[in-house]
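work-v4.cif (mmCIF, C-alpha atoms)
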```cif
data_structure
loop_
_atom_site.label_atom_id
_atom_site.label_comp_id
_atom_site.auth_asym_id
_atom_site.auth_seq_id
_atom_site.Cartn_x
_atom_site.Cartn_y
_atom_site.Cartn_z
CA MET A 1 -0.54 41.60 86.73
CA ALA A 2 3.19 42.38 86.63
CA GLY A 3 4.02 38.66 86.98
CA TRP A 4 1.73 37.77 84.09
CA LEU A 5 3.25 40.47 81.87
CA ARG A 6 6.77 39.34 82.67
CA ALA A 7 5.93 35.73 81.84
CA LEU A 8 4.24 36.79 78.58
CA VAL A 9 7.13 38.96 77.45
CA GLY A 10 9.65 36.26 78.35
CA ALA A 11 7.66 33.61 76.50
CA VAL A 12 7.60 35.74 73.36
CA LEU A 13 11.37 36.24 73.55
CA LEU A 14 11.93 32.48 73.82
CA LEU A 15 9.28 31.33 71.34
CA GLU A 16 11.61 30.78 68.39
CA GLY A 17 13.68 28.16 70.21
CA ALA A 18 11.01 25.46 70.47
CA ALA A 19 11.34 23.78 67.08
CA ALA A 20 14.96 22.62 67.40
CA LEU A 21 14.39 20.25 70.33
CA SER A 22 13.71 16.51 70.45
CA PHE A 23 11.53 14.93 73.13
CA LEU A 24 12.67 11.49 74.28
CA HIS A 25 13.41 9.68 77.51
CA HIS A 26 17.16 9.32 77.96
CA ARG A 27 18.80 6.33 79.63
CA TYR A 28 22.14 6.96 81.33
CA GLU A 29 24.35 6.53 78.25
CA GLU A 30 21.97 8.64 76.16
CA MET A 31 21.90 11.35 78.84
CA VAL A 32 25.70 11.49 78.90
CA GLN A 33 25.79 11.70 75.10
CA ALA A 34 23.25 14.54 75.16
CA LEU A 35 25.34 16.51 77.65
CA PHE A 36 28.55 16.07 75.69
CA ARG A 37 26.72 16.99 72.48
CA VAL A 38 25.71 20.31 74.01
CA GLN A 39 29.26 20.87 75.23
CA SER A 40 30.64 20.23 71.74
CA GLN A 41 28.12 22.64 70.22
CA CYS A 42 28.90 25.43 72.69
CA PRO A 43 32.50 24.73 73.74
CA TYR A 44 33.37 28.28 74.75
CA VAL A 45 30.56 28.73 77.26
CA THR A 46 30.16 25.21 78.69
CA ARG A 47 32.06 22.68 80.77
CA ILE A 48 31.18 19.16 81.93
CA TYR A 49 32.42 17.86 85.25
CA SER A 50 31.54 15.04 87.62
CA ILE A 51 30.97 15.59 91.34
CA GLY A 52 31.34 11.87 92.13
CA ARG A 53 29.77 8.50 91.43
CA SER A 54 26.60 6.69 92.36
CA VAL A 55 26.50 3.42 94.29
CA GLU A 56 26.75 1.50 91.00
CA GLY A 57 29.56 3.70 89.71
CA ARG A 58 27.71 6.06 87.37
CA HIS A 59 29.09 9.58 87.18
CA LEU A 60 27.02 12.41 88.64
CA TYR A 61 27.60 14.81 85.77
CA VAL A 62 27.09 18.56 85.84
CA LEU A 63 26.94 20.82 82.78
CA GLU A 64 28.14 24.35 83.47
CA PHE A 65 27.25 27.45 81.45
CA SER A 66 29.45 30.53 81.85
CA ASP A 67 31.37 33.00 79.72
CA TYR A 68 34.43 31.70 81.62
CA PRO A 69 33.68 28.01 82.27
CA GLY A 70 35.45 26.57 85.28
CA ILE A 71 36.19 29.98 86.81
CA HIS A 72 34.35 31.88 89.50
CA GLU A 73 34.27 35.55 88.56
CA ALA A 74 33.99 38.02 91.41
CA LEU A 75 30.42 39.35 91.84
CA GLU A 76 29.00 36.73 89.44
CA PRO A 77 26.50 34.52 91.30
CA GLU A 78 26.46 30.74 91.14
CA PHE A 79 23.15 28.99 90.34
CA LYS A 80 22.23 25.29 90.20
CA TYR A 81 19.44 22.97 89.08
CA VAL A 82 19.30 19.36 90.31
CA GLY A 83 16.99 16.79 88.74
CA ASN A 84 16.00 13.15 89.21
CA MET A 85 16.83 12.96 92.92
CA HIS A 86 14.13 10.32 93.06
CA GLY A 87 14.95 7.93 90.24
CA ASN A 88 11.35 7.39 89.12
CA GLU A 89 10.54 11.13 88.96
CA VAL A 90 11.90 11.69 85.51
CA LEU A 91 10.39 14.87 84.10
CA GLY A 92 12.99 17.09 85.79
CA ARG A 93 15.76 15.03 84.20
CA GLU A 94 14.32 15.51 80.71
CA LEU A 95 13.54 19.20 81.27
CA LEU A 96 17.11 19.91 82.32
CA LEU A 97 18.45 18.18 79.22
CA GLN A 98 16.05 20.26 77.14
CA LEU A 99 17.10 23.40 79.01
CA SER A 100 20.77 22.65 78.37
CA GLU A 101 20.19 22.26 74.64
CA PHE A 102 17.97 25.34 74.61
CA LEU A 103 20.52 27.57 76.34
CA CYS A 104 23.21 26.48 73.89
CA GLU A 105 21.02 26.96 70.82
CA GLU A 106 19.74 30.36 71.91
CA TYR A 107 23.23 31.54 72.80
CA ARG A 108 24.43 30.57 69.33
CA ARG A 109 21.47 32.38 67.81
CA GLY A 110 22.39 35.57 69.64
CA ASN A 111 19.33 35.65 71.92
CA GLU A 112 20.04 38.75 74.03
CA ARG A 113 18.25 37.50 77.12
CA ILE A 114 20.02 34.13 77.18
CA SER A 115 23.40 35.64 76.32
CA ARG A 116 23.09 38.10 79.20
CA LEU A 117 22.08 35.31 81.56
CA ILE A 118 25.12 33.19 80.63
CA HIS A 119 27.50 36.15 80.77
CA ASP A 120 26.25 37.35 84.17
CA THR A 121 25.62 33.98 85.88
CA ARG A 122 27.54 30.77 86.42
CA ILE A 123 24.88 28.09 85.84
CA HIS A 124 25.31 24.46 86.96
CA ILE A 125 22.85 21.82 85.69
CA MET A 126 22.77 18.28 87.11
CA PRO A 127 20.11 16.32 85.20
CA SER A 128 20.30 13.23 87.44
CA MET A 129 21.33 12.91 91.07
CA ASN A 130 20.08 9.31 91.17
CA PRO A 131 21.05 7.61 87.88
CA ASP A 132 20.89 4.13 89.44
CA GLY A 133 17.29 4.56 90.54
CA TYR A 134 16.37 5.92 87.12
CA GLU A 135 17.63 2.79 85.39
CA VAL A 136 15.39 0.66 87.63
CA ALA A 137 12.38 2.85 86.85
CA ALA A 138 13.17 3.02 83.14
CA LYS A 139 13.17 -0.78 82.82
CA GLN A 140 9.51 -0.72 83.88
CA GLY A 141 8.72 2.07 81.45
CA PRO A 142 6.09 4.80 81.77
CA ASP A 143 3.11 2.49 81.20
CA SER A 144 3.75 0.03 84.04
CA ASN A 145 5.96 2.06 86.37
CA GLY A 146 5.15 1.62 90.04
CA TYR A 147 4.67 4.60 92.31
CA LEU A 148 7.87 3.79 94.21
CA THR A 149 9.79 1.71 91.62
CA GLY A 150 13.25 3.25 91.30
CA ARG A 151 12.57 6.04 93.78
CA ASN A 152 15.52 5.16 96.03
CA ASN A 153 19.18 4.72 95.17
CA ALA A 154 20.81 1.30 94.64
CA ASN A 155 21.11 0.84 98.41
CA GLY A 156 17.39 1.37 98.83
CA VAL A 157 17.79 4.79 100.47
CA ASP A 158 15.59 7.82 99.78
CA LEU A 159 18.15 10.53 99.02
CA ASN A 160 15.76 13.28 100.10
CA ARG A 161 15.71 11.80 103.60
CA ASN A 162 19.48 11.31 103.76
CA PHE A 163 21.03 14.70 104.51
CA PRO A 164 22.21 15.53 108.04
CA ASP A 165 19.35 16.83 110.17
CA LEU A 166 20.32 20.44 110.86
CA ASN A 167 16.72 21.56 111.53
CA THR A 168 16.60 19.96 114.97
CA PHE A 169 19.79 21.72 116.04
CA MET A 170 18.58 24.98 114.49
CA TYR A 171 15.30 24.91 116.42
CA TYR A 172 17.19 24.28 119.65
CA SER A 173 19.85 26.86 118.80
CA ARG A 174 17.18 29.48 118.13
CA GLU A 175 15.91 29.13 121.69
CA ILE A 176 19.34 29.96 123.11
CA SER A 177 20.27 32.61 120.49
CA GLY A 178 22.76 30.29 118.84
CA PRO A 179 23.97 30.31 115.21
CA ASN A 180 21.36 30.90 112.51
CA HIS A 181 23.45 29.93 109.50
CA HIS A 182 26.23 27.56 108.44
CA ILE A 183 25.29 25.15 111.19
CA PRO A 184 28.14 22.65 111.65
CA LEU A 185 27.73 19.03 110.66
CA PRO A 186 27.79 16.25 113.26
CA ASP A 187 31.15 14.50 113.61
CA ASN A 188 29.95 11.19 112.17
CA TRP A 189 27.91 12.59 109.26
CA LYS A 190 29.93 10.90 106.49
CA SER A 191 29.09 7.45 107.82
CA GLN A 192 25.37 8.26 107.72
CA VAL A 193 24.96 9.41 104.11
CA GLU A 194 24.92 7.69 100.73
CA PRO A 195 27.59 8.22 98.04
CA GLU A 196 25.24 10.48 96.05
CA THR A 197 24.44 12.57 99.11
CA LEU A 198 28.10 12.81 100.08
CA ALA A 199 28.98 13.98 96.58
CA VAL A 200 26.31 16.70 96.67
CA ILE A 201 27.37 17.93 100.12
CA GLN A 202 30.98 18.20 99.00
CA TRP A 203 29.80 19.92 95.80
CA ILE A 204 27.77 22.60 97.54
CA SER A 205 30.60 23.11 100.01
CA SER A 206 32.99 23.84 97.13
CA TYR A 207 30.85 26.36 95.24
CA ASN A 208 29.27 29.48 96.72
CA PHE A 209 25.80 28.79 95.33
CA VAL A 210 23.26 31.57 95.78
CA LEU A 211 20.03 30.11 94.39
CA SER A 212 18.89 26.60 93.48
CA ALA A 213 15.96 24.37 92.70
CA ASN A 214 15.60 20.61 92.78
CA LEU A 215 13.07 19.07 90.40
CA HIS A 216 10.62 16.36 91.46
CA GLY A 217 7.32 14.80 90.33
CA GLY A 218 4.07 13.46 91.73
CA ALA A 219 2.45 16.86 92.26
CA VAL A 220 2.44 20.31 90.65
CA VAL A 221 3.57 22.96 93.14
CA ALA A 222 6.56 25.10 94.07
CA ASN A 223 7.59 24.12 97.59
CA TYR A 224 9.81 26.24 99.83
CA PRO A 225 11.50 25.78 103.27
CA TYR A 226 11.24 24.78 105.93
CA ASP A 227 10.31 21.23 105.03
CA LYS A 228 10.59 20.03 108.62
CA SER A 229 8.23 21.34 111.28
CA GLN A 230 9.52 22.03 114.77
CA ASP A 231 6.83 19.86 116.35
CA GLN A 232 7.32 16.25 115.23
CA ARG A 233 4.59 14.76 117.43
CA PHE A 234 2.12 14.53 114.56
CA ARG A 235 2.07 11.22 112.69
CA SER A 236 -0.58 11.82 110.04
CA HIS A 237 0.29 11.70 106.35
CA ARG A 238 -0.71 15.31 105.70
CA ARG A 239 0.34 17.86 108.30
CA THR A 240 -0.60 21.52 108.34
CA VAL A 241 2.09 23.12 110.47
CA ASN A 242 3.37 26.16 108.60
CA THR A 243 7.08 26.49 109.45
CA PRO A 244 8.54 29.61 107.85
CA THR A 245 12.19 30.56 107.58
CA PRO A 246 13.39 34.08 108.46
CA ASP A 247 13.31 34.66 104.68
CA ASP A 248 9.71 33.48 104.28
CA LYS A 249 8.48 36.39 102.14
CA LEU A 250 11.48 36.08 99.85
CA PHE A 251 10.94 32.33 99.46
CA GLN A 252 7.29 32.93 98.62
CA LYS A 253 8.32 35.38 95.94
CA LEU A 254 10.84 32.92 94.49
CA ALA A 255 8.22 30.15 94.42
CA LYS A 256 5.65 32.45 92.78
CA THR A 257 8.17 33.44 90.14
CA TYR A 258 8.20 29.83 88.99
CA SER A 259 4.51 29.07 89.48
CA TYR A 260 3.26 32.12 87.59
CA ALA A 261 5.71 31.63 84.73
CA HIS A 262 4.58 27.98 84.48
CA GLY A 263 1.76 27.02 82.17
CA TRP A 264 -0.72 26.03 84.89
CA MET A 265 1.02 25.64 88.28
CA HIS A 266 -0.26 29.01 89.51
CA ARG A 267 -3.90 27.97 89.07
CA GLY A 268 -3.64 25.94 92.26
CA TRP A 269 -5.82 22.95 91.38
CA ASN A 270 -3.49 20.17 90.23
CA CYS A 271 -3.34 16.40 90.80
CA GLY A 272 -6.32 16.51 93.14
CA ASP A 273 -4.64 19.04 95.46
CA TYR A 274 -5.12 22.77 95.84
CA PHE A 275 -2.26 25.15 96.62
CA ALA A 276 -2.99 28.88 96.53
CA ASP A 277 -0.84 30.52 93.84
CA GLY A 278 0.66 27.09 93.15
CA ILE A 279 3.09 27.34 96.07
CA THR A 280 3.38 25.84 99.56
CA ASN A 281 5.55 25.90 102.63
CA GLY A 282 7.01 22.41 102.87
CA ALA A 283 6.04 21.65 106.46
CA SER A 284 2.58 23.12 105.84
CA TRP A 285 2.11 20.39 103.23
CA TYR A 286 3.72 17.64 105.33
CA SER A 287 6.81 17.54 107.50
CA LEU A 288 9.93 16.03 105.97
CA SER A 289 13.17 15.37 107.84
CA LYS A 290 16.72 15.38 106.41
CA GLY A 291 15.67 16.94 103.10
CA MET A 292 18.01 18.67 100.66
CA GLN A 293 16.39 22.11 100.45
CA ASP A 294 16.48 22.75 104.21
CA PHE A 295 20.07 21.51 104.28
CA ASN A 296 21.08 24.03 101.60
CA TYR A 297 19.59 26.91 103.58
CA LEU A 298 21.03 25.89 106.95
CA TYR A 299 24.50 24.76 105.87
CA THR A 300 25.38 27.04 102.94
CA ASN A 301 24.53 30.45 101.46
CA CYS A 302 22.15 28.81 98.99
CA PHE A 303 18.40 29.45 98.88
CA GLU A 304 16.77 26.34 97.41
CA ILE A 305 13.19 25.44 96.59
CA THR A 306 11.65 22.13 95.47
CA LEU A 307 9.67 22.06 92.23
CA GLU A 308 7.00 19.37 91.85
CA LEU A 309 6.35 19.38 88.12
CA SER A 310 3.97 16.62 87.06
CA CYS A 311 1.16 14.46 88.42
CA ASN A 312 2.62 11.52 86.53
CA LYS A 313 6.08 10.71 87.83
CA PHE A 314 7.11 9.02 84.58
CA PRO A 315 5.13 10.80 81.84
CA PRO A 316 5.01 9.23 78.38
CA GLU A 317 7.23 10.66 75.66
CA GLU A 318 4.28 12.18 73.85
CA ASP A 319 3.69 14.45 76.84
CA LEU A 320 7.26 15.74 77.09
CA GLU A 321 6.89 18.54 74.55
CA ARG A 322 3.81 19.93 76.29
CA GLN A 323 5.63 19.79 79.61
CA TRP A 324 8.66 21.55 78.17
CA MET A 325 6.53 24.35 76.78
CA ALA A 326 4.85 24.72 80.18
CA ASN A 327 8.17 24.89 82.07
CA ARG A 328 10.57 26.60 79.66
CA GLU A 329 9.87 30.21 80.62
CA ALA A 330 9.65 29.29 84.29
CA LEU A 331 13.08 27.62 84.25
CA VAL A 332 14.66 30.71 82.71
CA ALA A 333 12.74 33.21 84.87
CA PHE A 334 13.74 31.40 88.06
CA MET A 335 17.43 31.54 87.11
CA GLU A 336 17.11 35.29 86.64
CA GLU A 337 15.97 35.60 90.27
CA VAL A 338 19.58 35.10 91.35
CA HIS A 339 20.11 38.74 90.32
CA GLN A 340 18.27 40.55 93.09
CA GLY A 341 19.01 41.93 96.53
CA ILE A 342 22.53 43.14 97.27
CA LYS A 343 26.01 41.98 96.42
CA GLY A 344 29.51 43.33 96.85
CA MET A 345 33.05 42.83 98.08
CA VAL A 346 34.28 42.58 101.64
CA SER A 347 37.92 43.64 101.77
CA ASP A 348 40.55 44.89 104.18
CA GLU A 349 42.29 48.25 104.10
CA ASN A 350 44.69 46.95 101.44
CA ASN A 351 41.79 45.85 99.19
CA ASN A 352 42.42 42.17 99.85
CA GLY A 353 39.21 40.13 99.85
CA ILE A 354 38.09 38.71 103.19
CA ALA A 355 36.66 35.20 102.93
CA GLY A 356 34.08 34.03 105.43
CA ALA A 357 32.94 37.52 106.46
CA VAL A 358 29.43 37.43 107.95
CA ILE A 359 26.75 39.54 106.29
CA SER A 360 23.85 40.30 108.62
CA VAL A 361 20.60 42.06 107.71
CA GLN A 362 18.79 43.77 110.54
CA GLY A 363 15.41 42.16 111.17
CA ILE A 364 16.23 38.91 109.30
CA SER A 365 17.82 36.32 111.57
CA HIS A 366 19.67 34.43 108.87
CA ASP A 367 23.17 35.48 107.86
CA ILE A 368 25.30 34.59 104.85
CA THR A 369 29.06 34.68 104.37
CA SER A 370 31.47 35.98 101.75
CA GLY A 371 33.17 33.58 99.37
CA ASP A 372 36.84 32.83 98.86
CA MET A 373 37.41 36.04 96.89
CA GLY A 374 35.58 38.17 99.44
CA ASP A 375 32.47 38.63 97.30
CA TYR A 376 29.01 38.02 98.75
CA PHE A 377 25.44 37.75 97.48
CA ARG A 378 22.41 38.37 99.67
CA LEU A 379 18.99 37.80 98.09
CA LEU A 380 16.48 40.37 99.36
CA LEU A 381 13.10 41.77 98.39
CA PRO A 382 12.85 45.44 97.38
CA GLY A 383 13.11 47.72 100.40
CA THR A 384 15.54 49.57 102.66
CA TYR A 385 17.87 47.52 104.85
CA THR A 386 20.54 47.98 107.48
CA VAL A 387 23.38 45.59 106.67
CA THR A 388 26.48 44.75 108.70
CA ALA A 389 29.66 42.99 107.59
CA SER A 390 31.87 41.48 110.27
CA ALA A 391 34.93 39.25 110.34
CA GLU A 392 37.24 37.98 113.04
CA GLY A 393 40.07 40.43 113.63
CA TYR A 394 38.26 43.36 112.03
CA GLN A 395 35.93 46.12 113.14
CA PRO A 396 32.38 45.56 111.83
CA GLN A 397 30.90 48.01 109.36
CA THR A 398 27.21 48.87 109.02
CA VAL A 399 25.48 50.59 106.10
CA THR A 400 21.92 51.36 105.09
CA THR A 401 20.96 50.56 101.50
CA THR A 402 17.87 50.47 99.32
CA VAL A 403 17.12 47.48 97.11
CA GLY A 404 15.16 48.00 93.92
CA PRO A 405 13.00 45.57 91.93
CA ALA A 406 15.52 44.97 89.13
CA ALA A 407 19.30 44.55 89.35
CA PRO A 408 21.01 43.94 92.72
CA SER A 409 22.42 46.91 94.60
CA LEU A 410 26.20 47.05 94.91
CA VAL A 411 27.24 47.40 98.56
CA HIS A 412 30.95 47.07 99.29
CA PHE A 413 32.55 46.84 102.72
CA GLN A 414 36.12 47.75 103.65
CA LEU A 415 36.87 46.55 107.17
CA LYS A 416 39.52 48.06 109.39
CA GLN A 417 41.74 45.80 111.42
CA ASP A 418 40.66 45.56 115.02
CA VAL A 419 43.49 46.78 117.25
CA VAL A 420 43.20 45.16 120.66
CA LYS A 421 45.39 46.35 123.50
CA LYS A 422 47.17 43.52 125.20
CA ALA A 423 46.43 43.11 128.88
CA PRO A 424 49.45 42.91 131.21
CA GLU A 425 50.66 39.37 131.61
CA ARG A 426 50.09 37.69 134.93
CA LYS A 427 50.84 34.32 136.35
CA ALA A 428 48.01 31.86 136.74
CA SER A 429 47.92 28.82 138.92
CA GLY A 430 45.55 26.85 136.75
CA THR A 431 44.94 26.15 133.10
CA ARG A 432 42.11 27.63 131.04
CA THR A 433 39.86 25.41 128.95
CA ASN A 434 37.59 26.36 126.05
CA ASN A 435 33.85 25.88 126.23
CA LYS A 436 32.70 22.77 124.44
CA ALA A 437 30.19 23.01 121.62
CA LEU A 438 26.62 22.19 122.43
CA GLN A 439 25.77 18.58 121.80
CA LYS A 440 23.14 17.93 119.18
CA LYS A 441 20.00 16.12 120.18
CA VAL A 442 19.38 12.86 118.36
CA VAL A 443 15.83 12.49 117.06
CA PRO A 444 14.69 9.19 115.50
CA ARG A 445 13.61 9.48 111.89
CA ALA A 446 9.86 9.19 111.44
CA THR A 447 8.41 6.77 108.93
CA ARG A 448 6.15 8.14 106.18
CA ARG A 449 4.18 6.66 103.34
CA GLY A 450 3.22 8.11 100.00
CA THR A 451 5.20 11.34 100.25
CA GLN A 452 6.16 13.15 97.07
CA ARG A 453 9.33 15.09 97.80
#
```
Turn the structure described in the file into structure tokens.
Amino acid sequence: MAGWLRALVGAVLLLEGAAALSFLHHRYEEMVQALFRVQSQCPYVTRIYSIGRSVEGRHLYVLEFSDYPGIHEALEPEFKYVGNMHGNEVLGRELLLQLSEFLCEEYRRGNERISRLIHDTRIHIMPSMNPDGYEVAAKQGPDSNGYLTGRNNANGVDLNRNFPDLNTFMYYSREISGPNHHIPLPDNWKSQVEPETLAVIQWISSYNFVLSANLHGGAVVANYPYDKSQDQRFRSHRRTVNTPTPDDKLFQKLAKTYSYAHGWMHRGWNCGDYFADGITNGASWYSLSKGMQDFNYLYTNCFEITLELSCNKFPPEEDLERQWMANREALVAFMEEVHQGIKGMVSDENNNGIAGAVISVQGISHDITSGDMGDYFRLLLPGTYTVTASAEGYQPQTVTTTVGPAAPSLVHFQLKQDVVKKAPERKASGTRTNNKALQKKVVPRATRRGTQR
């Protein structure tokens, strides 16, 4: 009931903003114009930047909303939306353009909820990760668009099967009590990814993102990690191997936040499929290797889910307004989820921030790290937790804290320098060598047909 009430109250607060929007499909030039129009209308709280270019040279533009655009403020979390990863799945692209215009308009109108969100969050919106594929799909149009036409990039590669496979190493590492976060990339990873994928990896390596969603089409469900099951022996199209992360309950809550704020996703029956509460574990639906949401979780501090938003991958323009009304509250409510759990500063005895400090939560085998300024953000469900901060050269510090259902709890750590007594020097006849890192297993990529994500 609480989820329904929250969605209802939020919808009422946002109701006045619907009339100002236009509902059209935007080709690349039109999309760029729309982004710059928003930036010109809200110049003090927006910034446009490009993270790179597509195969055919189109910019991968991002629109940022913040009270200090271009600046990371300590203890202010970073959030991102990514749309149109598959070029022919276009609703996410249009929804993110609508969201951008909506945030600007409501901020100018003095909407308290939107103003607070922009002041307390650094929001990054990428309407199209695959602009080349979109142009191929758009030439066909919504009436005659093929199920796969324009899905891949200009090199014919599915970008959601193009990220380095960290799952395989993680499953192996788990068996030997190896690292559970920030898993290193293979040495030759740059030669194995597309320009769009490379740009995104460099992007998420440069910003300390906390929460994210990537928007797809072809189904209506909120999908959460892991996407790849540990057992890859199955070859059927639909697999039912639930593969939870250590943060499974939190991911379910994040997915339900979107599904229950959505117009009909939570009902479960959509597009001929049934998903209880409108959510699914990715591998429980079908196993997917080298996907973006698993990569975010295993390589960065970011918790990402995948939102499947429409049965029709390229809905007609006359359906865009209905889809916007169904997703508007959900898009805003999901962004607000970045403000939960705990956050704080990790500093030394002189109050200098410590970057790269590891934040561990007892009972959850997935750690996160502090950012360049020493601030950290750890999404958690309400409850009491034992949390430890550690960094090389410092003594670890452990605290117990209680997380409530609303704002995040502030938990700061001040680490003392670790004083190690030097052992007496002695002569050695040989040389000492460091242990080599474990070699990653190479697993051939499985072939699938008809997948959505």
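Distance-wise, CA of Asp348 in chain A and CA of Gly374 in chain A end up 9.6 Å apart.
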request  = Return as JSON, numbers by chain the set of residues that the PyMOL selection byres ((chain A and resi 90) around 12) yields on the displayed structure.
outcome  = {"A": [24, 25, 26, 27, 82, 83, 84, 85, 86, 87, 88, 89, 91, 92, 93, 94, 95, 96, 97, 127, 128, 129, 130, 131, 133, 134, 135, 136, 137, 138, 141, 142, 145, 149, 150, 151, 215, 216, 217, 218, 308, 309, 310, 311, 312, 313, 314, 315, 316, 317, 320, 323]}
key: 6 Å contact set for Gly268 in chain A, all atoms listed in the file, chain neighbours under 3 positions out, as a list in words   = Tyr274, Phe275, Ala276, Asp277 and Gly278 of chain A
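For the choices A:Asn111, A:Ser229, A:Asn350, A:Asn223, the atom-to-atom distance to Lys290 in chain A is smallest for A:Ser229 when using all atoms listed in the file.
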ask   = Between A:His412, A:Met126, A:Val38, A:Pro246, which has the minimum distance to Arg174 in chain A (counting only C-alpha atoms)?
value = A:Pro246
With 8 Å of padding per side, what axis-aligned box (centre and edge lengths, Å, one decimal) covers all the listed atoms of range 377-391 of chain A? Give it as JSON.
```
{"center_x": 23.9, "center_y": 43.7, "center_z": 103.9, "size_x": 38.1, "size_y": 27.8, "size_z": 29.0}
```
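Applied to the shown file, the PyMOL selection byres ((chain A and resi 361) around 7) selects the residues Ile359, Ser360, Gln362, Gly363, Ile364, Tyr385, Thr386, Val387 and Thr388 of chain A.
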ask   = Excluding same-chain residues fewer than 4 positions from Arg116 in chain A, what lies within 10 Å of it counting all atoms listed in the file, as a list of chain:residue names?
value = A:Asp67, A:Tyr107, A:Gly110, A:Asn111, A:Glu112, A:Asp120, A:Thr121, A:Glu336
Go through the shown structure with the PyMOL selection byres ((chain A and resi 200-214) around 6) and write out the matching residues as a short mmCIF file (atom, residue, chain, number, x, y, z; two decimals) with C-alpha atoms, in the frame of the given file.
```cif
data_model
loop_
_atom_site.label_atom_id
_atom_site.label_comp_id
_atom_site.auth_asym_id
_atom_site.auth_seq_id
_atom_site.Cartn_x
_atom_site.Cartn_y
_atom_site.Cartn_z
CA GLU A 78 26.46 30.74 91.14
CA PHE A 79 23.15 28.99 90.34
CA LYS A 80 22.23 25.29 90.20
CA TYR A 81 19.44 22.97 89.08
CA VAL A 82 19.30 19.36 90.31
CA GLY A 83 16.99 16.79 88.74
CA THR A 197 24.44 12.57 99.11
CA LEU A 198 28.10 12.81 100.08
CA ALA A 199 28.98 13.98 96.58
CA LEU A 215 13.07 19.07 90.40
CA ASN A 301 24.53 30.45 101.46
CA CYS A 302 22.15 28.81 98.99
CA PHE A 303 18.40 29.45 98.88
CA GLU A 304 16.77 26.34 97.41
CA ILE A 305 13.19 25.44 96.59
CA THR A 306 11.65 22.13 95.47
CA VAL A 338 19.58 35.10 91.35
#
```
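Put simply, CA of Met335 in chain A is 19.2 Å away from CA of Ile48 in chain A.
Note that CA of Asp247 in chain A and CA of Thr398 in chain A are 20.3 Å apart.
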inquiry  = Would you pick out the contacts of Cys104 in chain A at 7 Å or less, using all atoms listed in the file, so that residues sharing its chain but fewer than 4 positions from it are not included, and give the list as a PyMOL selection string?
reply    = chain A and resi 38+42+100+108
task = Please provide the set of residues having any atom within 10 Å of Val332 in chain A, restricted to all atoms listed in the file, with same-chain residues fewer than 3 positions apart removed, written as a PyMOL selection string.
result = chain A and resi 10-11+14+99+103+113-114+117+258+261+327-329+335-337
So that I can see what lies close to Pro244 in chain A, please list as a short mmCIF file (atom, residue, chain, number, x, y, z; two decimals) with C-alpha atoms, in the frame of the given file the residues with an atom at most 10 Å from it, counting all atoms listed in the file and leaving out residues fewer than 4 positions away in the same chain.
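For reference, selection.cif as written:
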```
data_model
loop_
_atom_site.label_atom_id
_atom_site.label_comp_id
_atom_site.auth_asym_id
_atom_site.auth_seq_id
_atom_site.Cartn_x
_atom_site.Cartn_y
_atom_site.Cartn_z
CA TYR A 224 9.81 26.24 99.83
CA PRO A 225 11.50 25.78 103.27
CA TYR A 226 11.24 24.78 105.93
CA ASP A 227 10.31 21.23 105.03
CA LYS A 228 10.59 20.03 108.62
CA SER A 229 8.23 21.34 111.28
CA ASP A 248 9.71 33.48 104.28
CA LYS A 249 8.48 36.39 102.14
CA PHE A 251 10.94 32.33 99.46
CA GLN A 252 7.29 32.93 98.62
CA ASN A 281 5.55 25.90 102.63
CA GLY A 282 7.01 22.41 102.87
CA ALA A 283 6.04 21.65 106.46
CA SER A 284 2.58 23.12 105.84
#
```
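Checking A:Gly291, A:Gly344, A:Pro382, A:Gly404 one by one against Ala74 in chain A, counting all atoms listed in the file, you find the shortest gap at A:Gly344.
Nearest residue to Leu307 in chain A among A:His339, A:Asn188, A:Ala357, A:Ala330 is A:Ala330, counting only C-alpha atoms.
Using only C-alpha atoms, the set of residues no farther than 8 Å from the position (27.2, 40.1, 94.9) comprises Ala74, Leu75, Glu76, Pro77, Ile342, Lys343, Gly344, Met345, Asp375, Tyr376, Phe377, Arg378, Pro408 and Leu410 of chain A.
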